[in-house]
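Peer 1: Just so it is clear, I am handing over start-v2.pdb, which has PDB, C-alpha atoms, pLDDT in the B column.
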```
MODEL        1
ATOM      1  CA  MET A  22     -63.233 -45.330   6.567  1.00 53.00           C
ATOM      2  CA  THR A  23     -61.298 -42.130   5.871  1.00 49.00           C
ATOM      3  CA  PRO A  24     -62.035 -40.436   2.557  1.00 55.00           C
ATOM      4  CA  ILE A  25     -59.060 -40.032   0.256  1.00 55.00           C
ATOM      5  CA  ASP A  26     -59.512 -36.251   0.272  1.00 57.00           C
ATOM      6  CA  ASP A  27     -58.824 -36.118   3.998  1.00 58.00           C
ATOM      7  CA  SER A  28     -55.205 -37.237   3.919  1.00 60.00           C
ATOM      8  CA  SER A  29     -54.283 -35.493   7.177  1.00 61.00           C
ATOM      9  CA  GLN A  30     -56.550 -37.815   9.188  1.00 62.00           C
ATOM     10  CA  LEU A  31     -55.184 -40.816   7.325  1.00 60.00           C
ATOM     11  CA  ARG A  32     -51.619 -39.742   8.071  1.00 59.00           C
ATOM     12  CA  ASP A  33     -52.478 -39.392  11.773  1.00 59.00           C
ATOM     13  CA  ARG A  34     -54.011 -42.868  11.804  1.00 61.00           C
ATOM     14  CA  ILE A  35     -50.917 -44.342  10.167  1.00 58.00           C
ATOM     15  CA  ARG A  36     -48.565 -42.645  12.638  1.00 59.00           C
ATOM     16  CA  ALA A  37     -50.652 -43.943  15.542  1.00 58.00           C
ATOM     17  CA  LEU A  38     -49.744 -47.541  14.667  1.00 55.00           C
ATOM     18  CA  PRO A  39     -46.641 -49.037  16.297  1.00 58.00           C
ATOM     19  CA  ASP A  40     -43.590 -49.428  14.068  1.00 56.00           C
ATOM     20  CA  HIS A  41     -43.586 -53.208  14.259  1.00 58.00           C
ATOM     21  CA  GLU A  42     -47.097 -53.389  12.719  1.00 55.00           C
ATOM     22  CA  LEU A  43     -46.476 -51.126   9.764  1.00 54.00           C
ATOM     23  CA  PRO A  44     -43.880 -51.526   7.016  1.00 55.00           C
ATOM     24  CA  ARG A  45     -41.741 -48.524   6.225  1.00 58.00           C
ATOM     25  CA  LEU A  46     -43.558 -46.286   3.766  1.00 61.00           C
ATOM     26  CA  PHE A  47     -41.919 -44.625   0.790  1.00 59.00           C
ATOM     27  CA  THR A  48     -43.100 -41.236   2.038  1.00 62.00           C
ATOM     28  CA  ASP A  49     -40.914 -41.584   5.133  1.00 63.00           C
ATOM     29  CA  MET A  50     -37.799 -42.508   3.180  1.00 67.00           C
ATOM     30  CA  PRO A  51     -35.298 -39.832   2.175  1.00 70.00           C
ATOM     31  CA  PRO A  52     -34.754 -39.318  -1.548  1.00 70.00           C
ATOM     32  CA  PRO A  53     -31.961 -41.402  -3.064  1.00 70.00           C
ATOM     33  CA  PRO A  54     -28.581 -39.682  -3.193  1.00 72.00           C
ATOM     34  CA  ARG A  55     -27.626 -38.127  -6.487  1.00 69.00           C
ATOM     35  CA  PRO A  56     -24.567 -39.633  -8.131  1.00 66.00           C
ATOM     36  CA  ALA A  57     -21.527 -37.417  -8.048  1.00 65.00           C
ATOM     37  CA  ARG A  58     -20.575 -36.144 -11.459  1.00 65.00           C
ATOM     38  CA  SER A  59     -17.176 -37.284 -12.589  1.00 57.00           C
ATOM     39  CA  ARG A  60     -15.055 -34.634 -14.173  1.00 70.00           C
ATOM     40  CA  GLY A  61     -11.676 -34.287 -15.665  1.00 81.00           C
ATOM     41  CA  LEU A  62      -9.076 -36.842 -16.577  1.00 86.00           C
ATOM     42  CA  TYR A  63     -10.644 -39.694 -14.581  1.00 85.00           C
ATOM     43  CA  ALA A  64     -13.943 -39.420 -16.487  1.00 84.00           C
ATOM     44  CA  PHE A  65     -12.129 -39.278 -19.826  1.00 88.00           C
ATOM     45  CA  LEU A  66      -9.974 -42.319 -19.023  1.00 91.00           C
ATOM     46  CA  ARG A  67     -12.956 -44.293 -17.770  1.00 91.00           C
ATOM     47  CA  ARG A  68     -14.941 -43.518 -20.937  1.00 92.00           C
ATOM     48  CA  ALA A  69     -11.959 -44.361 -23.167  1.00 95.00           C
ATOM     49  CA  PHE A  70     -11.454 -47.656 -21.318  1.00 97.00           C
ATOM     50  CA  ASP A  71     -15.135 -48.552 -21.775  1.00 96.00           C
ATOM     51  CA  ILE A  72     -14.996 -47.840 -25.507  1.00 97.00           C
ATOM     52  CA  VAL A  73     -11.728 -49.725 -26.089  1.00 98.00           C
ATOM     53  CA  VAL A  74     -12.799 -52.802 -24.096  1.00 97.00           C
ATOM     54  CA  SER A  75     -16.223 -52.975 -25.748  1.00 97.00           C
ATOM     55  CA  THR A  76     -14.694 -52.598 -29.230  1.00 97.00           C
ATOM     56  CA  VAL A  77     -12.173 -55.373 -28.587  1.00 96.00           C
ATOM     57  CA  ALA A  78     -14.877 -57.641 -27.118  1.00 95.00           C
ATOM     58  CA  LEU A  79     -17.167 -56.984 -30.087  1.00 95.00           C
ATOM     59  CA  ALA A  80     -14.362 -57.786 -32.532  1.00 94.00           C
ATOM     60  CA  LEU A  81     -13.468 -61.020 -30.716  1.00 92.00           C
ATOM     61  CA  PHE A  82     -17.038 -62.249 -30.382  1.00 92.00           C
ATOM     62  CA  GLY A  83     -17.807 -61.122 -33.927  1.00 92.00           C
ATOM     63  CA  LEU A  84     -15.270 -63.643 -35.204  1.00 91.00           C
ATOM     64  CA  PHE A  85     -17.367 -66.476 -33.789  1.00 91.00           C
ATOM     65  CA  LEU A  86     -20.654 -65.446 -35.431  1.00 89.00           C
ATOM     66  CA  PRO A  87     -19.811 -66.838 -38.908  1.00 90.00           C
ATOM     67  CA  LEU A  88     -18.648 -70.070 -37.270  1.00 90.00           C
ATOM     68  CA  ILE A  89     -21.929 -70.355 -35.381  1.00 88.00           C
ATOM     69  CA  ALA A  90     -23.905 -69.670 -38.572  1.00 86.00           C
ATOM     70  CA  LEU A  91     -21.900 -72.338 -40.397  1.00 89.00           C
ATOM     71  CA  ALA A  92     -22.510 -74.850 -37.587  1.00 88.00           C
ATOM     72  CA  ILE A  93     -26.254 -74.161 -37.757  1.00 84.00           C
ATOM     73  CA  ARG A  94     -26.223 -74.542 -41.536  1.00 84.00           C
ATOM     74  CA  ILE A  95     -24.368 -77.870 -41.356  1.00 89.00           C
ATOM     75  CA  ASP A  96     -26.536 -79.222 -38.534  1.00 88.00           C
ATOM     76  CA  SER A  97     -29.980 -78.086 -39.765  1.00 83.00           C
ATOM     77  CA  ARG A  98     -31.806 -78.346 -43.068  1.00 81.00           C
ATOM     78  CA  GLY A  99     -33.450 -74.935 -42.725  1.00 77.00           C
ATOM     79  CA  PRO A 100     -32.084 -71.416 -42.970  1.00 76.00           C
ATOM     80  CA  VAL A 101     -29.734 -69.899 -40.413  1.00 76.00           C
ATOM     81  CA  PHE A 102     -32.230 -67.117 -39.665  1.00 78.00           C
ATOM     82  CA  TYR A 103     -35.778 -68.127 -38.791  1.00 78.00           C
ATOM     83  CA  THR A 104     -38.447 -66.751 -41.113  1.00 80.00           C
ATOM     84  CA  GLN A 105     -42.164 -67.059 -40.693  1.00 83.00           C
ATOM     85  CA  SER A 106     -45.090 -66.664 -43.054  1.00 85.00           C
ATOM     86  CA  ARG A 107     -47.951 -64.693 -41.517  1.00 84.00           C
ATOM     87  CA  ILE A 108     -51.406 -63.762 -42.668  1.00 84.00           C
ATOM     88  CA  GLY A 109     -52.214 -60.089 -42.286  1.00 81.00           C
ATOM     89  CA  GLN A 110     -55.081 -57.762 -43.008  1.00 84.00           C
ATOM     90  CA  ASN A 111     -57.421 -58.911 -45.800  1.00 86.00           C
ATOM     91  CA  ARG A 112     -55.837 -62.393 -45.513  1.00 84.00           C
ATOM     92  CA  ARG A 113     -52.675 -61.265 -47.325  1.00 86.00           C
ATOM     93  CA  ARG A 114     -49.664 -63.466 -46.664  1.00 86.00           C
ATOM     94  CA  HIS A 115     -46.248 -61.923 -45.989  1.00 78.00           C
ATOM     95  CA  GLU A 116     -42.883 -63.169 -44.794  1.00 77.00           C
ATOM     96  CA  HIS A 117     -41.845 -62.046 -41.345  1.00 70.00           C
ATOM     97  CA  ASP A 118     -38.137 -62.087 -40.443  1.00 62.00           C
TER      98      ASP A 118
ENDMDL
END
```
Re-express the file's structure as structure tokens.
Peer 2:
Amino acid sequence: MTPIDDSSQLRDRIRALPDHELPRLFTDMPPPPRPARSRGLYAFLRRAFDIVVSTVALALFGLFLPLIALAIRIDSRGPVFYTQSRIGQNRRRHEHD
């Protein structure tokens, strides 16, 4: 068994194995490519598009939230939001939302 301190011998033993017996190690892989930085008008337009689309989607889906809360209230006896009573330190009870 090769001690961990002697990594050069371990590396030689690993390289002595045929490729088909050893999976590709992370040490042999090149580092991942760095993403190219976007600059200029394209980056501004892309960011503006992201903000506008997410704002419109949030406004549209936000209209349905009161309807969902009303449907839960009509269908169930309990509250729309689930609350739970827990016992904490020194057996004190508190509500947990």
Peer 1: Just how far from atom CA of Leu91 of chain A is atom CA of Glu116 of chain A, in Å to one decimal?
Peer 2: 23.3 Å
Peer 1: Could you tell me how far atom CA of Ala80 of chain A sits from atom CA of Phe102 of chain A, in Å to one decimal place?
Peer 2: 21.4 Å
Peer 1: If you measure from atom CA of Gly83 of chain A to atom CA of Arg67 of chain A, what distance in Å do you get, rounded to one decimal?
Peer 2: 23.8 Å
